[in-house]
Amino acid sequence: MQVQVHYQGLENSPWMDQFITSRIGKLNRYLNGAAGVQIHLKLENKRYITSLAIHNMNQDYAFTAEGQNLYESFAVAVDKASRSLGEHKRMMKDKINKRYYSLKTAVA
């Protein structure tokens, strides 16, 4: 997974880099290896805004969140992404499983 981080009105810190990589790592189970993630972190009117843009296998996702601190806004955006990507993965599995049925039900 390729991750790009853009800061606007903020400074980069090692703690923030570590926090971003640990949180984004949780999305690996929903994304393939060639997925791209763009993260925009900005400070605007004493509010922190996080925008995530995820490009995965011909599908694009966008998530935004606001918070009183940078960690809160980023965590909320990643949680939104995790819920949405998880739901999409479940829908795809259900779609695949509807095509196939077990032999036990076919014989009975």
# chains A, B, ... in the order shown; residues from 1 in each chain; ligands from 1

call {"tool": "residues_around", "arguments": {"residues": "region 2-13 of chain A", "least_positions_apart": "6", "cutoff": "8 Å", "atoms": "only C-alpha atoms", "output": "list in words"}}
result
Ala34, Ala35, Gly36, Val37, Gln38, Ile39, His40, Leu41, Lys42, Leu43 and Glu44 of chain A

call {"tool": "closest_residue", "arguments": {"among": "A:Thr64, A:Lys46, A:Trp15, A:Arg99", "to": "Asp79 (chain A)", "atoms": "only C-alpha atoms"}}
result
A:Thr64

call {"tool": "select_by_dssp", "arguments": {"residues": "chain A", "states": "alpha helix (DSSP H)", "output": "ChimeraX atom specification"}}
result
/A:14-25,70-99,103-107

call {"tool": "write_last_selection", "arguments": {"atoms": "N, CA and C atoms", "output": "compact mmCIF listing (two decimals), in the first residue's frame"}}
result
# COMPACT_ATOMS: atom_id res chain seq x y z
N PRO A 14 7.77 12.82 14.34
CA PRO A 14 7.92 11.37 14.35
C PRO A 14 6.75 10.66 15.03
N TRP A 15 6.19 11.29 16.07
CA TRP A 15 5.04 10.69 16.75
C TRP A 15 3.85 10.58 15.81
N MET A 16 3.64 11.61 15.01
CA MET A 16 2.51 11.61 14.08
C MET A 16 2.74 10.57 12.99
N ASP A 17 3.96 10.46 12.50
CA ASP A 17 4.25 9.43 11.49
C ASP A 17 3.99 8.04 12.03
N GLN A 18 4.39 7.78 13.25
CA GLN A 18 4.16 6.47 13.87
C GLN A 18 2.67 6.21 14.06
N PHE A 19 1.94 7.22 14.48
CA PHE A 19 0.50 7.09 14.69
C PHE A 19 -0.21 6.81 13.36
N ILE A 20 0.18 7.52 12.31
CA ILE A 20 -0.44 7.33 10.99
C ILE A 20 -0.18 5.93 10.47
N THR A 21 1.06 5.46 10.55
CA THR A 21 1.36 4.13 10.03
C THR A 21 0.65 3.03 10.82
N SER A 22 0.53 3.20 12.13
CA SER A 22 -0.16 2.17 12.91
C SER A 22 -1.65 2.14 12.59
N ARG A 23 -2.27 3.30 12.41
CA ARG A 23 -3.70 3.35 12.11
C ARG A 23 -4.00 2.90 10.69
N ILE A 24 -3.20 3.33 9.74
CA ILE A 24 -3.42 2.95 8.35
C ILE A 24 -3.15 1.47 8.15
N GLY A 25 -2.26 0.91 8.95
CA GLY A 25 -1.97 -0.53 8.87
C GLY A 25 -3.20 -1.38 9.14
N LEU A 70 -5.46 16.71 16.40
CA LEU A 70 -5.13 16.01 15.16
C LEU A 70 -5.35 14.51 15.27
N TYR A 71 -5.01 13.94 16.41
CA TYR A 71 -5.15 12.49 16.59
C TYR A 71 -6.62 12.08 16.56
N GLU A 72 -7.48 12.88 17.17
CA GLU A 72 -8.91 12.57 17.19
C GLU A 72 -9.49 12.60 15.77
N SER A 73 -9.19 13.64 15.02
CA SER A 73 -9.75 13.75 13.67
C SER A 73 -9.24 12.63 12.77
N PHE A 74 -7.97 12.29 12.89
CA PHE A 74 -7.41 11.21 12.07
C PHE A 74 -8.01 9.86 12.44
N ALA A 75 -8.16 9.60 13.73
CA ALA A 75 -8.72 8.33 14.18
C ALA A 75 -10.17 8.17 13.73
N VAL A 76 -10.95 9.24 13.77
CA VAL A 76 -12.34 9.17 13.33
C VAL A 76 -12.41 8.90 11.83
N ALA A 77 -11.56 9.55 11.04
CA ALA A 77 -11.54 9.32 9.60
C ALA A 77 -11.17 7.89 9.26
N VAL A 78 -10.19 7.33 9.96
CA VAL A 78 -9.78 5.94 9.71
C VAL A 78 -10.88 4.97 10.14
N ASP A 79 -11.58 5.27 11.23
CA ASP A 79 -12.69 4.42 11.66
C ASP A 79 -13.82 4.44 10.63
N LYS A 80 -14.12 5.60 10.07
CA LYS A 80 -15.12 5.68 9.01
C LYS A 80 -14.70 4.83 7.81
N ALA A 81 -13.45 4.93 7.44
CA ALA A 81 -12.94 4.15 6.31
C ALA A 81 -13.02 2.66 6.60
N SER A 82 -12.66 2.26 7.80
CA SER A 82 -12.70 0.86 8.17
C SER A 82 -14.12 0.30 8.11
N ARG A 83 -15.08 1.05 8.62
CA ARG A 83 -16.48 0.59 8.57
C ARG A 83 -16.97 0.47 7.13
N SER A 84 -16.68 1.46 6.33
CA SER A 84 -17.15 1.46 4.95
C SER A 84 -16.48 0.36 4.12
N LEU A 85 -15.17 0.22 4.26
CA LEU A 85 -14.46 -0.82 3.51
C LEU A 85 -14.87 -2.22 3.99
N GLY A 86 -15.10 -2.37 5.27
CA GLY A 86 -15.56 -3.66 5.80
C GLY A 86 -16.93 -4.03 5.28
N GLU A 87 -17.81 -3.06 5.20
CA GLU A 87 -19.16 -3.31 4.67
C GLU A 87 -19.09 -3.68 3.19
N HIS A 88 -18.23 -3.00 2.45
CA HIS A 88 -18.08 -3.32 1.03
C HIS A 88 -17.52 -4.73 0.85
N LYS A 89 -16.56 -5.11 1.69
CA LYS A 89 -15.99 -6.45 1.61
C LYS A 89 -17.05 -7.51 1.93
N ARG A 90 -17.90 -7.25 2.95
CA ARG A 90 -18.97 -8.20 3.28
C ARG A 90 -19.97 -8.33 2.14
N MET A 91 -20.30 -7.21 1.51
CA MET A 91 -21.24 -7.26 0.38
C MET A 91 -20.66 -8.07 -0.77
N MET A 92 -19.37 -7.92 -1.04
CA MET A 92 -18.75 -8.69 -2.12
C MET A 92 -18.73 -10.17 -1.80
N LYS A 93 -18.43 -10.52 -0.53
CA LYS A 93 -18.44 -11.93 -0.14
C LYS A 93 -19.84 -12.52 -0.26
N ASP A 94 -20.86 -11.77 0.15
CA ASP A 94 -22.23 -12.25 0.04
C ASP A 94 -22.62 -12.45 -1.42
N LYS A 95 -22.18 -11.55 -2.26
CA LYS A 95 -22.48 -11.66 -3.69
C LYS A 95 -21.84 -12.92 -4.28
N ILE A 96 -20.62 -13.21 -3.88
CA ILE A 96 -19.93 -14.41 -4.36
C ILE A 96 -20.60 -15.66 -3.80
N ASN A 97 -20.94 -15.65 -2.52
CA ASN A 97 -21.54 -16.82 -1.89
C ASN A 97 -22.93 -17.12 -2.41
N LYS A 98 -23.63 -16.13 -2.94
CA LYS A 98 -24.97 -16.39 -3.51
C LYS A 98 -24.88 -17.21 -4.78
N ARG A 99 -23.79 -17.09 -5.50
CA ARG A 99 -23.63 -17.84 -6.74
C ARG A 99 -23.38 -19.33 -6.49
N LEU A 103 -23.43 -28.65 -1.76
CA LEU A 103 -24.02 -29.85 -2.33
C LEU A 103 -25.03 -30.48 -1.37
N LYS A 104 -24.86 -30.26 -0.08
CA LYS A 104 -25.80 -30.80 0.89
C LYS A 104 -27.20 -30.24 0.66
N THR A 105 -27.31 -28.97 0.36
CA THR A 105 -28.64 -28.38 0.13
C THR A 105 -29.18 -28.79 -1.23
N ALA A 106 -28.31 -29.05 -2.21
CA ALA A 106 -28.77 -29.46 -3.52
C ALA A 106 -29.31 -30.89 -3.50
N VAL A 107 -28.73 -31.75 -2.70
CA VAL A 107 -29.16 -33.16 -2.64
C VAL A 107 -30.42 -33.31 -1.82

call {"tool": "select_by_dssp", "arguments": {"residues": "chain A", "states": "strand (DSSP E)", "output": "PyMOL selection string"}}
result
chain A and resi 2-8+36-44+47-56+59-67

call {"tool": "atom_distance", "arguments": {"atom1": "CA of Thr50 (chain A)", "atom2": "CA of Arg29 (chain A)"}}
result
21.5 Å

call {"tool": "atom_distance", "arguments": {"atom1": "CA of Ile54 (chain A)", "atom2": "CA of Gln68 (chain A)"}}
result
23.8 Å

call {"tool": "atom_distance", "arguments": {"atom1": "CA of Ser51 (chain A)", "atom2": "CA of Glu66 (chain A)"}}
result
9.0 Å

call {"tool": "closest_residue", "arguments": {"among": "A:Asp60, A:Met1, A:Ala53, A:Asn69", "to": "Leu27 (chain A)", "atoms": "only C-alpha atoms"}}
result
A:Met1

call {"tool": "decode", "arguments": {"residues": "region 82-96 of chain A", "atoms": "N, CA and C atoms", "output": "compact mmCIF listing (two decimals), in the first residue's frame"}}
result
# COMPACT_ATOMS: atom_id res chain seq x y z
N SER A 82 -12.66 2.26 7.80
CA SER A 82 -12.70 0.86 8.17
C SER A 82 -14.12 0.30 8.11
N ARG A 83 -15.08 1.05 8.62
CA ARG A 83 -16.48 0.59 8.57
C ARG A 83 -16.97 0.47 7.13
N SER A 84 -16.68 1.46 6.33
CA SER A 84 -17.15 1.46 4.95
C SER A 84 -16.48 0.36 4.12
N LEU A 85 -15.17 0.22 4.26
CA LEU A 85 -14.46 -0.82 3.51
C LEU A 85 -14.87 -2.22 3.99
N GLY A 86 -15.10 -2.37 5.27
CA GLY A 86 -15.56 -3.66 5.80
C GLY A 86 -16.93 -4.03 5.28
N GLU A 87 -17.81 -3.06 5.20
CA GLU A 87 -19.16 -3.31 4.67
C GLU A 87 -19.09 -3.68 3.19
N HIS A 88 -18.23 -3.00 2.45
CA HIS A 88 -18.08 -3.32 1.03
C HIS A 88 -17.52 -4.73 0.85
N LYS A 89 -16.56 -5.11 1.69
CA LYS A 89 -15.99 -6.45 1.61
C LYS A 89 -17.05 -7.51 1.93
N ARG A 90 -17.90 -7.25 2.95
CA ARG A 90 -18.97 -8.20 3.28
C ARG A 90 -19.97 -8.33 2.14
N MET A 91 -20.30 -7.21 1.51
CA MET A 91 -21.24 -7.26 0.38
C MET A 91 -20.66 -8.07 -0.77
N MET A 92 -19.37 -7.92 -1.04
CA MET A 92 -18.75 -8.69 -2.12
C MET A 92 -18.73 -10.17 -1.80
N LYS A 93 -18.43 -10.52 -0.53
CA LYS A 93 -18.44 -11.93 -0.14
C LYS A 93 -19.84 -12.52 -0.26
N ASP A 94 -20.86 -11.77 0.15
CA ASP A 94 -22.23 -12.25 0.04
C ASP A 94 -22.62 -12.45 -1.42
N LYS A 95 -22.18 -11.55 -2.26
CA LYS A 95 -22.48 -11.66 -3.69
C LYS A 95 -21.84 -12.92 -4.28
N ILE A 96 -20.62 -13.21 -3.88
CA ILE A 96 -19.93 -14.41 -4.36
C ILE A 96 -20.60 -15.66 -3.80
